[in-house]
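**Q** The file below is my_file.txt, compact mmCIF, C-alpha atoms and all ligand atoms:
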# COMPACT_ATOMS: atom_id res chain seq x y z
CA MET A 1366 0.00 0.00 0.00
CA PRO A 1367 1.88 3.11 -1.17
CA GLU A 1368 1.76 6.57 0.39
CA ASN A 1369 1.31 5.36 3.96
CA LEU A 1370 2.23 8.76 5.29
CA GLN A 1371 -1.40 9.78 4.88
CA PHE A 1372 -2.06 7.78 8.06
CA VAL A 1373 0.58 9.58 10.10
CA LEU A 1374 -0.71 12.58 12.04
CA GLY A 1375 2.73 13.51 13.30
CA TYR A 1376 5.07 13.07 16.25
CA LYS A 1377 4.47 13.67 19.93
CA CYS A 1378 7.07 14.11 22.68
CA VAL A 1379 6.88 11.40 25.34
CA CYS A 1380 7.90 13.95 27.97
CA CYS A 1381 6.48 17.44 27.32
CA GLY A 1382 3.74 16.38 24.88
CA LYS A 1383 4.73 18.85 22.15
CA GLU A 1384 3.49 17.80 18.72
CA PHE A 1385 5.26 17.99 15.37
CA ALA A 1386 4.12 17.54 11.76
CA PRO A 1387 5.19 14.33 9.95
CA GLU A 1388 7.66 16.31 7.85
CA PRO A 1389 10.39 17.47 8.09
CA PHE A 1390 11.64 14.49 10.08
CA ARG A 1391 13.28 15.15 13.43
CA TYR A 1392 14.92 12.69 15.79
CA ARG A 1393 13.92 14.27 19.07
CA CYS A 1394 11.80 16.94 20.69
CA GLU A 1395 13.15 20.43 21.38
CA CYS A 1396 13.25 19.41 25.05
CA GLY A 1397 15.66 16.61 24.15
CA ASN A 1398 13.25 13.74 24.79
CA ASN A 1399 11.99 11.03 22.50
CA LEU A 1400 9.08 11.16 20.11
CA ASP A 1401 6.19 8.79 19.49
CA VAL A 1402 4.54 8.46 16.09
CA VAL A 1403 0.83 9.37 16.18
CA TYR A 1404 -1.51 7.80 13.65
CA HIS A 1405 -4.80 8.82 12.12
CA TYR A 1406 -6.62 5.78 13.47
CA ASP A 1407 -10.02 6.73 12.06
CA ARG A 1408 -8.62 7.11 8.59
CA LEU A 1409 -6.81 3.79 8.91
CA LYS A 1410 -9.92 1.96 10.08
CA LYS A 1411 -11.77 2.97 6.92
CA VAL A 1412 -9.29 1.28 4.59
CA TRP A 1413 -7.71 -1.51 6.64
CA SER A 1414 -9.21 -4.43 8.53
CA LYS A 1415 -8.27 -7.73 10.15
CA ASP A 1416 -9.71 -9.50 7.10
CA LEU A 1417 -7.58 -7.49 4.67
CA LEU A 1418 -4.55 -8.25 6.77
CA LYS A 1419 -5.41 -11.93 6.84
CA ALA A 1420 -5.66 -11.97 3.05
CA ASN A 1421 -2.23 -10.33 2.66
CA PRO A 1422 0.30 -13.03 1.68
CA GLU A 1423 3.34 -10.91 2.65
CA PRO A 1424 5.10 -12.84 5.44
CA SER A 1425 7.56 -10.20 6.73
CA ILE A 1426 6.95 -7.05 8.82
CA TRP A 1427 5.93 -5.26 5.63
CA ARG A 1428 2.47 -6.84 5.98
CA TYR A 1429 1.87 -4.12 8.59
CA GLY A 1430 2.73 -1.30 6.16
CA PRO A 1431 -0.27 0.91 6.99
CA LEU A 1432 0.89 1.07 10.63
CA LEU A 1433 4.46 2.06 9.74
CA PRO A 1434 5.57 5.68 9.28
CA LEU A 1435 7.07 5.21 5.83
CA LYS A 1436 6.15 6.81 2.55
CA ARG A 1437 6.23 3.46 0.80
CA THR A 1438 6.28 -0.09 2.09
CA PRO A 1439 8.71 -2.33 0.19
CA LEU A 1440 6.98 -4.65 -2.24
CA THR A 1441 9.18 -7.63 -1.46
CA SER A 1442 10.25 -9.18 1.84
CA GLY A 1443 13.93 -8.42 1.20
CA LEU A 1444 16.02 -10.20 3.83
CA HIS A 1445 12.73 -11.26 5.47
CA VAL A 1446 12.61 -9.45 8.78
CA GLY A 1447 9.90 -10.57 11.21
CA GLY A 1448 7.26 -13.17 10.48
CA THR A 1449 8.91 -15.24 13.21
CA PRO A 1450 7.17 -18.20 14.86
CA LEU A 1451 5.23 -18.03 18.11
CA LEU A 1452 5.82 -21.43 19.66
CA LYS A 1453 3.86 -23.07 22.40
CA VAL A 1454 6.19 -24.55 24.99
CA PRO A 1455 5.58 -28.28 25.39
CA ARG A 1456 3.78 -28.82 28.66
CA GLY A 1457 6.03 -29.68 31.60
CA SER A 1458 5.38 -32.51 34.05
CA SER A 1459 3.35 -30.34 36.40
CA ASP A 1460 0.17 -28.44 35.66
CA GLU A 1461 2.16 -25.26 35.61
CA GLU A 1462 2.89 -23.30 32.47
CA GLN A 1463 -0.07 -24.46 30.45
CA GLN A 1464 -0.02 -21.43 28.23
CA LEU A 1465 3.56 -20.43 27.75
CA TYR A 1466 4.64 -19.13 24.35
CA LEU A 1467 8.02 -18.19 22.94
CA LYS A 1468 8.29 -15.52 20.27
CA ASP A 1469 11.36 -16.82 18.50
CA ASP A 1470 13.08 -13.74 17.17
CA THR A 1471 16.41 -15.54 16.94
CA ARG A 1472 15.16 -16.38 13.44
CA ASN A 1473 15.59 -12.89 12.06
CA PRO A 1474 18.22 -12.42 9.31
CA SER A 1475 21.02 -11.24 11.60
CA GLY A 1476 19.78 -13.35 14.52
CA SER A 1477 18.08 -10.78 16.73
CA LEU A 1478 14.92 -8.73 17.16
CA LYS A 1479 16.97 -5.62 16.30
CA ASP A 1480 16.36 -6.39 12.62
CA ARG A 1481 12.78 -5.14 13.03
CA ALA A 1482 13.99 -1.67 14.05
CA THR A 1483 16.78 -1.63 11.50
CA ALA A 1484 14.45 -2.57 8.64
CA VAL A 1485 12.22 0.44 9.25
CA GLY A 1486 15.20 2.72 9.93
CA VAL A 1487 16.99 1.69 6.74
CA GLN A 1488 13.86 2.19 4.65
CA HIS A 1489 13.39 5.60 6.18
CA ALA A 1490 17.05 6.53 5.57
CA MET A 1491 16.59 5.65 1.89
CA GLU A 1492 13.50 7.86 1.73
CA LEU A 1493 15.67 10.69 3.09
CA GLN A 1494 18.31 9.88 0.44
CA LYS A 1495 20.91 9.00 3.07
CA LYS A 1496 23.66 6.66 1.88
CA THR A 1497 25.58 6.24 5.15
CA LEU A 1498 24.09 5.04 8.42
CA ILE A 1499 25.73 5.04 11.81
CA ALA A 1500 24.92 3.17 15.00
CA ALA A 1501 26.24 2.79 18.48
CA SER A 1502 25.45 -0.66 19.70
CA THR A 1503 26.17 -3.31 22.28
CA GLY A 1504 26.51 -5.59 19.23
CA ASN A 1505 23.18 -6.75 17.85
CA ALA A 1506 21.92 -3.43 16.51
CA ALA A 1507 25.27 -3.09 14.74
CA ALA A 1508 25.20 -6.59 13.26
CA SER A 1509 21.65 -5.92 12.16
CA LEU A 1510 22.48 -2.57 10.55
CA ALA A 1511 25.49 -4.10 8.83
CA ALA A 1512 23.33 -6.90 7.37
CA LEU A 1513 20.54 -4.71 6.07
CA ALA A 1514 22.95 -2.08 4.74
CA ALA A 1515 24.69 -4.87 2.82
CA TYR A 1516 21.39 -5.96 1.25
CA TYR A 1517 20.42 -2.45 0.17
CA GLY A 1518 23.93 -1.37 -0.88
CA LEU A 1519 24.30 1.31 1.80
CA ARG A 1520 27.32 2.16 3.98
CA ALA A 1521 27.20 1.27 7.66
CA VAL A 1522 29.55 2.73 10.29
CA ILE A 1523 29.49 1.06 13.68
CA LEU A 1524 30.69 2.16 17.10
CA ALA A 1525 30.65 -0.80 19.48
CA PRO A 1526 32.42 -1.57 22.75
CA ALA A 1527 35.60 -3.49 21.96
CA THR A 1528 34.44 -6.00 24.58
CA ALA A 1529 31.35 -7.05 22.55
CA PRO A 1530 31.22 -10.84 21.92
CA ALA A 1531 33.52 -11.91 19.09
CA ALA A 1532 30.65 -13.42 17.09
CA LYS A 1533 28.88 -10.07 16.91
CA LEU A 1534 32.02 -8.16 15.88
CA THR A 1535 32.71 -10.87 13.31
CA GLN A 1536 29.19 -10.57 11.93
CA ILE A 1537 29.62 -6.80 11.52
CA LEU A 1538 32.85 -7.21 9.55
CA GLN A 1539 31.55 -10.13 7.48
CA TYR A 1540 28.67 -7.96 6.28
CA GLY A 1541 31.26 -5.41 5.17
CA ALA A 1542 30.48 -2.58 7.59
CA THR A 1543 33.10 -0.19 8.99
CA LEU A 1544 33.67 -1.17 12.61
CA ILE A 1545 35.15 1.28 15.09
CA PRO A 1546 35.71 -0.71 18.29
CA VAL A 1547 35.53 1.71 21.20
CA GLY A 1548 37.77 1.13 24.19
CA GLY A 1549 34.98 2.16 26.52
CA THR A 1550 31.38 1.44 27.44
CA TYR A 1551 28.30 1.29 25.25
CA ASP A 1552 27.21 4.58 26.79
CA GLU A 1553 30.42 6.24 25.61
CA ALA A 1554 30.00 4.73 22.14
CA PHE A 1555 26.47 6.12 22.11
CA ASP A 1556 27.57 9.68 22.83
CA LEU A 1557 30.22 9.45 20.12
CA SER A 1558 27.69 8.20 17.58
CA MET A 1559 25.57 11.29 18.18
CA GLN A 1560 28.53 13.56 17.52
CA VAL A 1561 29.60 11.72 14.38
CA ALA A 1562 26.06 11.58 12.93
CA GLU A 1563 25.64 15.29 13.39
CA GLN A 1564 29.09 16.18 12.08
CA PHE A 1565 28.72 14.21 8.83
CA GLY A 1566 24.96 14.34 8.34
CA TRP A 1567 24.63 10.56 8.46
CA TYR A 1568 21.46 8.72 9.36
CA SER A 1569 21.47 7.61 13.00
CA ARG A 1570 20.24 4.15 13.91
CA SER A 1571 21.23 4.56 17.54
CA THR A 1572 18.53 3.40 19.94
CA GLY A 1573 16.53 5.91 21.90
CA ILE A 1574 16.80 8.92 19.64
CA ASN A 1575 14.99 7.75 16.56
CA PRO A 1576 11.23 7.14 16.68
CA MET A 1577 11.44 4.87 13.62
CA LEU A 1578 13.15 2.23 15.74
CA SER A 1579 10.34 1.76 18.27
CA GLU A 1580 7.94 1.67 15.33
CA GLY A 1581 9.97 -1.20 13.88
CA LYS A 1582 10.18 -3.03 17.19
CA LYS A 1583 6.43 -2.72 17.69
CA THR A 1584 5.89 -5.17 14.83
CA VAL A 1585 6.71 -7.98 17.27
CA ALA A 1586 3.57 -7.04 19.22
CA LEU A 1587 1.49 -6.84 16.02
CA GLU A 1588 2.64 -10.35 15.13
CA ILE A 1589 1.94 -11.78 18.58
CA ALA A 1590 -1.58 -10.35 18.49
CA GLU A 1591 -2.25 -11.71 15.02
CA GLN A 1592 -0.74 -15.11 15.82
CA LEU A 1593 -2.95 -15.43 18.92
CA ASN A 1594 -5.95 -14.46 16.81
CA TRP A 1595 -6.31 -11.15 18.69
CA GLN A 1596 -6.82 -12.92 22.05
CA MET A 1597 -4.31 -11.23 24.30
CA PRO A 1598 -2.05 -13.16 26.67
CA ASP A 1599 -1.97 -12.08 30.31
CA TRP A 1600 1.73 -11.21 30.27
CA VAL A 1601 4.61 -10.46 27.92
CA PHE A 1602 8.16 -10.80 29.31
CA ILE A 1603 10.63 -8.39 27.70
CA PRO A 1604 14.43 -8.44 28.11
CA THR A 1605 15.19 -4.77 28.73
CA GLY A 1606 18.29 -2.65 28.27
CA ASP A 1607 17.61 0.76 26.72
CA GLY A 1608 13.88 0.11 26.87
CA CYS A 1609 13.21 0.50 23.14
CA ILE A 1610 11.71 -2.99 22.83
CA ALA A 1611 9.47 -2.47 25.87
CA GLY A 1612 8.31 0.91 24.53
CA GLY A 1613 7.81 -0.54 21.05
CA VAL A 1614 5.82 -3.54 22.27
CA TYR A 1615 3.50 -1.23 24.17
CA LYS A 1616 3.11 0.99 21.12
CA GLY A 1617 2.17 -1.99 18.96
CA PHE A 1618 -0.55 -3.12 21.33
CA TYR A 1619 -1.68 0.47 21.83
CA ASP A 1620 -2.10 0.99 18.09
CA LEU A 1621 -4.16 -2.21 17.84
CA GLN A 1622 -6.33 -1.13 20.75
CA GLN A 1623 -6.93 2.23 19.09
CA LEU A 1624 -7.97 0.42 15.93
CA GLY A 1625 -10.38 -1.67 18.01
CA TRP A 1626 -8.65 -4.91 16.99
CA ILE A 1627 -7.78 -5.92 20.56
CA GLU A 1628 -9.56 -5.08 23.80
CA THR A 1629 -6.83 -5.09 26.39
CA ILE A 1630 -3.07 -4.59 26.48
CA PRO A 1631 -1.20 -7.45 28.19
CA GLY A 1632 0.82 -6.70 31.32
CA LEU A 1633 4.36 -5.94 30.14
CA ILE A 1634 7.17 -7.18 32.33
CA ALA A 1635 10.56 -5.52 31.94
CA VAL A 1636 13.25 -8.07 32.80
CA GLN A 1637 16.68 -6.64 33.59
CA ALA A 1638 19.94 -8.06 34.84
CA GLU A 1639 20.46 -7.39 38.53
CA ASN A 1640 23.49 -5.20 37.86
CA SER A 1641 22.00 -3.33 34.91
CA ALA A 1642 18.60 -2.41 36.22
CA ALA A 1643 18.06 1.34 35.92
CA ILE A 1644 14.48 0.86 34.68
CA VAL A 1645 13.42 -1.67 37.31
CA LYS A 1646 14.93 0.55 40.01
CA ALA A 1647 12.93 3.55 38.81
CA LEU A 1648 9.77 1.40 38.71
CA GLU A 1649 10.29 0.19 42.25
CA SER A 1650 11.32 3.50 43.81
CA GLY A 1651 9.01 5.75 41.82
CA ALA A 1652 11.96 8.13 41.42
CA ASP A 1653 13.34 9.44 38.12
CA LEU A 1654 15.63 7.29 36.01
CA ALA A 1655 19.19 7.42 37.27
CA PRO A 1656 22.29 5.91 35.64
CA VAL A 1657 23.84 2.74 37.10
CA ASP A 1658 27.28 1.24 36.70
CA ALA A 1659 26.16 -1.68 34.55
CA HIS A 1660 27.87 -5.04 34.27
CA THR A 1661 26.27 -8.36 33.33
CA VAL A 1662 26.93 -11.45 31.24
CA ALA A 1663 23.89 -10.39 29.19
CA ASP A 1664 25.80 -7.90 27.05
CA SER A 1665 22.78 -6.86 24.98
CA ILE A 1666 21.02 -5.47 28.05
CA CYS A 1667 24.14 -4.01 29.69
CA VAL A 1668 23.22 -0.33 29.81
CA ASP A 1669 24.17 2.41 32.30
CA PHE A 1670 21.51 4.89 31.28
CA PRO A 1671 18.48 3.64 29.32
CA ARG A 1672 17.99 5.84 26.27
CA ASP A 1673 14.36 4.87 25.87
CA GLY A 1674 13.72 4.76 29.60
CA LEU A 1675 10.66 7.01 29.61
CA LYS A 1676 8.91 4.93 26.96
CA ALA A 1677 9.71 1.76 28.85
CA LEU A 1678 8.47 3.12 32.19
CA ASN A 1679 5.25 4.23 30.55
CA ALA A 1680 4.88 0.83 28.84
CA VAL A 1681 5.17 -1.11 32.08
CA LYS A 1682 2.99 1.23 34.13
CA SER A 1683 0.21 1.78 31.57
CA SER A 1684 -0.06 -1.94 30.85
CA GLY A 1685 -0.31 -2.95 34.52
CA GLY A 1686 2.96 -4.86 34.35
CA PHE A 1687 6.01 -4.77 36.59
CA GLY A 1688 9.79 -4.94 36.54
CA ILE A 1689 11.90 -7.86 37.70
CA THR A 1690 15.65 -8.48 37.94
CA VAL A 1691 17.60 -11.71 37.49
CA THR A 1692 21.18 -12.55 38.42
CA ASP A 1693 23.80 -13.60 35.89
CA ASP A 1694 23.70 -17.11 37.29
CA GLU A 1695 19.90 -17.27 36.88
CA ILE A 1696 20.31 -16.04 33.32
CA LEU A 1697 22.89 -18.68 32.40
CA LYS A 1698 20.88 -21.44 34.09
CA GLY A 1699 17.76 -20.20 32.32
CA GLN A 1700 19.62 -20.21 29.01
CA LYS A 1701 20.60 -23.87 29.44
CA ASP A 1702 17.17 -24.88 30.74
CA LEU A 1703 15.39 -23.13 27.87
CA ALA A 1704 17.59 -24.77 25.24
CA THR A 1705 17.30 -28.23 26.81
CA ARG A 1706 13.58 -27.96 27.23
CA THR A 1707 12.47 -26.28 24.02
CA GLY A 1708 15.22 -26.54 21.42
CA ILE A 1709 15.71 -22.78 21.31
CA PHE A 1710 19.26 -21.56 21.95
CA ALA A 1711 19.00 -17.97 23.17
CA GLU A 1712 21.77 -15.51 23.96
CA PRO A 1713 22.00 -14.49 27.64
CA ALA A 1714 19.96 -11.28 27.23
CA ALA A 1715 17.18 -13.22 25.52
CA ALA A 1716 17.31 -15.99 28.11
CA SER A 1717 16.70 -13.37 30.79
CA ALA A 1718 13.05 -13.37 29.67
CA TYR A 1719 12.85 -17.05 30.58
CA ALA A 1720 14.77 -16.58 33.83
CA GLY A 1721 12.47 -13.66 34.69
CA TYR A 1722 9.40 -15.76 33.94
CA GLN A 1723 10.63 -18.60 36.16
CA LYS A 1724 11.29 -16.16 38.97
CA ALA A 1725 7.92 -14.43 38.59
CA VAL A 1726 6.14 -17.81 38.76
CA HIS A 1727 8.25 -18.82 41.74
CA GLU A 1728 7.36 -15.59 43.54
CA ASN A 1729 3.67 -15.96 42.63
CA LEU A 1730 3.67 -12.71 40.70
CA VAL A 1731 2.42 -14.75 37.76
CA THR A 1732 0.61 -18.07 37.98
CA GLY A 1733 1.26 -20.99 35.71
CA MET A 1734 -2.41 -20.89 34.76
CA GLN A 1735 -2.03 -17.46 33.21
CA SER A 1736 -0.84 -17.11 29.64
CA ALA A 1737 2.55 -15.57 28.98
CA VAL A 1738 4.65 -14.78 25.94
CA LEU A 1739 8.43 -14.57 26.32
CA LEU A 1740 10.35 -12.51 23.79
CA ILE A 1741 13.36 -14.55 22.74
CA THR A 1742 15.25 -11.61 21.32
CA GLY A 1743 18.57 -13.03 20.10
CA SER A 1744 20.40 -16.23 19.15
CA GLY A 1745 22.73 -18.12 21.48
CA LEU A 1746 25.22 -18.58 18.65
CA LYS A 1747 26.10 -14.92 19.04
CA ASP A 1748 27.94 -15.54 22.29
CA ILE A 1749 29.01 -19.13 22.83
CA GLU A 1750 31.66 -18.20 25.41
CA SER A 1751 28.95 -17.32 27.94
CA ALA A 1752 26.90 -20.39 27.08
CA LYS A 1753 29.93 -22.63 27.57
CA ARG A 1754 29.98 -21.74 31.25
CA LYS A 1755 27.08 -24.08 31.99
CA ILE A 1756 28.22 -27.05 29.92
CA MET A 1757 31.33 -29.16 29.54
CA ILE A 1758 32.56 -30.39 26.17
CA PRO A 1759 33.77 -33.98 26.85
CA SER A 1760 37.28 -35.06 25.99
CA PRO A 1761 37.61 -37.16 22.81
CA VAL A 1762 37.26 -40.95 22.91
CA GLU A 1763 39.38 -43.44 21.00
CA PRO A 1764 37.69 -44.16 17.65
CA VAL A 1765 36.85 -47.76 18.59
CA PHE A 1766 33.55 -49.32 19.64
CA PRO A 1767 34.55 -50.34 23.20
CA ALA A 1768 35.53 -46.75 23.97
CA VAL A 1769 32.15 -45.49 22.76
CA ARG A 1770 30.34 -48.21 24.75
CA GLU A 1771 32.26 -47.20 27.86
CA PHE A 1772 31.37 -43.55 27.24
CA LEU A 1773 27.66 -44.47 26.94
CA ARG A 1774 27.85 -46.63 30.05
CA GLN A 1775 29.22 -43.72 32.04
CA ALA A 1776 26.42 -41.56 30.70
CA ASP A 1777 23.95 -44.21 31.89
CA LEU A 1778 22.76 -44.81 28.36
CA CYS A 1779 23.59 -48.52 28.16
C1 LIG B 1 18.90 -4.90 22.28
C2 LIG B 1 18.50 -6.17 22.87
C3 LIG B 1 17.67 -6.24 23.99
C4 LIG B 1 17.18 -5.04 24.73
O1 LIG B 1 16.48 -4.11 23.95
P1 LIG B 1 16.32 -2.60 24.42
O2 LIG B 1 15.47 -1.98 23.40
O3 LIG B 1 17.71 -2.02 24.50
O4 LIG B 1 15.69 -2.62 25.77
C5 LIG B 1 17.32 -7.49 24.47
N1 LIG B 1 17.77 -8.63 23.89
C6 LIG B 1 18.58 -8.59 22.81
C7 LIG B 1 19.06 -9.88 22.24
C8 LIG B 1 18.98 -7.38 22.27
O5 LIG B 1 19.81 -7.37 21.22
ZN ZN B 2 9.45 17.51 24.60
Could you express the structure from this file as structure tokens?
Ligand SMILES: *Cc1c(COP(=O)(O)O)cnc(C)c1O
Ligand SMILES: [Zn+2]
**A**
Amino acid sequence: MPENLQFVLGYKCVCCGKEFAPEPFRYRCECGNNLDVVYHYDRLKKVWSKDLLKANPEPSIWRYGPLLPLKRTPLTSGLHVGGTPLLKVPRGSSDEEQQLYLKDDTRNPSGSLKDRATAVGVQHAMELQKKTLIAASTGNAAASLAALAAYYGLRAVILAPATAPAAKLTQILQYGATLIPVGGTYDEAFDLSMQVAEQFGWYSRSTGINPMLSEGKKTVALEIAEQLNWQMPDWVFIPTGDGCIAGGVYKGFYDLQQLGWIETIPGLIAVQAENSAAIVKALESGADLAPVDAHTVADSICVDFPRDGLKALNAVKSSGGFGITVTDDEILKGQKDLATRTGIFAEPAAASAYAGYQKAVHENLVTGMQSAVLLITGSGLKDIESAKRKIMIPSPVEPVFPAVREFLRQADLC
């Protein structure tokens, strides 16, 4: 459906409420805070319906074109971002967890949910005739930008902490992007990316300053709603770093509620690592967001100061959800448990959703009888060093049958 911009009313500041016209594009409000995209829901309702959506064969996020703030929706799936499976977890031995679903976003082209944001950002950059895009990233946003830039023949410049997992840095270089490893934190890389983008007029795909990115991330909520046939789950567990996913998920459900396609918005649960929990702290204390000194094995949610913190706080509060923290050990145990139980190998940040779910059930914040969707945001293959901490690769056996039989005997398999 071309000319989608007719459905965009404009932008609205999440802090001071100031409104802006759809064009010219601006990253942030005059007050420095982030913007939300506001749609013309009545106009949309007249031309778009659940039935029209159902009849649309497009499998990627582009099936939701009318709810994206782009002039034109691509006519082909491209690298095929989104359209990921929503899997029901096989029932455990107890009666618990009868309605547990995993949204498997490890299956995106670069292996993480970030592809949803990048896809919309890249399309938007092309509409603005930008040829070079820059991002600061803990790793996945960069790998994602590098992949999509490769597909569309654009230049990608990446600022990432030099300590990012090797697989992610390798991905970035394999896709042919320019990688500037920063000998500092993600937060320092972020500030640099702002300076560079402004200096050279490049398009910024850094999280928390570009409203296109939450709009891209919201497609995961649109998919969940459609896959559950518009019957909302009780809870959605969201691994949270900057808060862009949490804000985006809320926005997706909010848009659907405004269209009258769903009645209620599920309770959104922001899961953070114990030592990277600025958002959960603000939720619990009721005070303003304050930076923390973040360190966690879950590199993708290792953030001192959440750049989309206000959107995330609003998402959790308005949806009737809550915040929860998990330790690194709980994350790594959850990662192993999830993989063993379901066949999905998640990176530590993604496994935090599962660890957070287990903890919430354990603490009776959520009952096993309630339905929950866990966002599995990134693939375990992106960081095997962390995953190796909870397993042991056995030493080799002699290539003869008795040695194998002895091995199996010791494993209690014969
Ligand atoms: C980026 C990321 C997150 C956190 O998303 P935010 O928008 O920063 O809160 C969670 N999991 C994975 C795998 C990520 O790459
Ligand atoms: Zn403002």
**Q** Counting only C-alpha atoms, write as JSON, numbers by chain all protein and nucleic acid residues lying at most 12 Å from (4.2, 7.4, -1.5) in the file's frame.
**A** {"A": [1366, 1367, 1368, 1369, 1370, 1371, 1372, 1430, 1431, 1434, 1435, 1436, 1437, 1438, 1439, 1492]}
**Q** Quick one: everything within 6 Å of segment 1626-1643 of chain A, counting all atoms listed in the file, minus sequence neighbours fewer than 4 positions away in the same chain. Send it as number ranges by chain.
**A** A: 1595, 1598-1605, 1618, 1621-1622, 1659-1660, 1667, 1681, 1684-1692, 1721
**Q** I need the residue nearest ligand LIG 1 (chain B) from this list: A:Tyr1540, A:Tyr1551, A:Tyr1516, A:Phe1766. Use only C-alpha atoms and all ligand atoms for the distance.
**A** A:Tyr1551
**Q** In Å, how far is it from atom CA of Val1446 of chain A to atom CA of Lys1582 of chain A?
**A**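 Here the two named atoms are 10.9 Å from each other.
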**Q** Take the point (18.0, 0.2, 8.5) as written in the file and pick out every residue within 9 Å of it, counting all atoms listed in the file; give the list as a VMD selection string.
**A** chain A and resid 1480 to 1491 1498 1509 to 1514 1570 1578
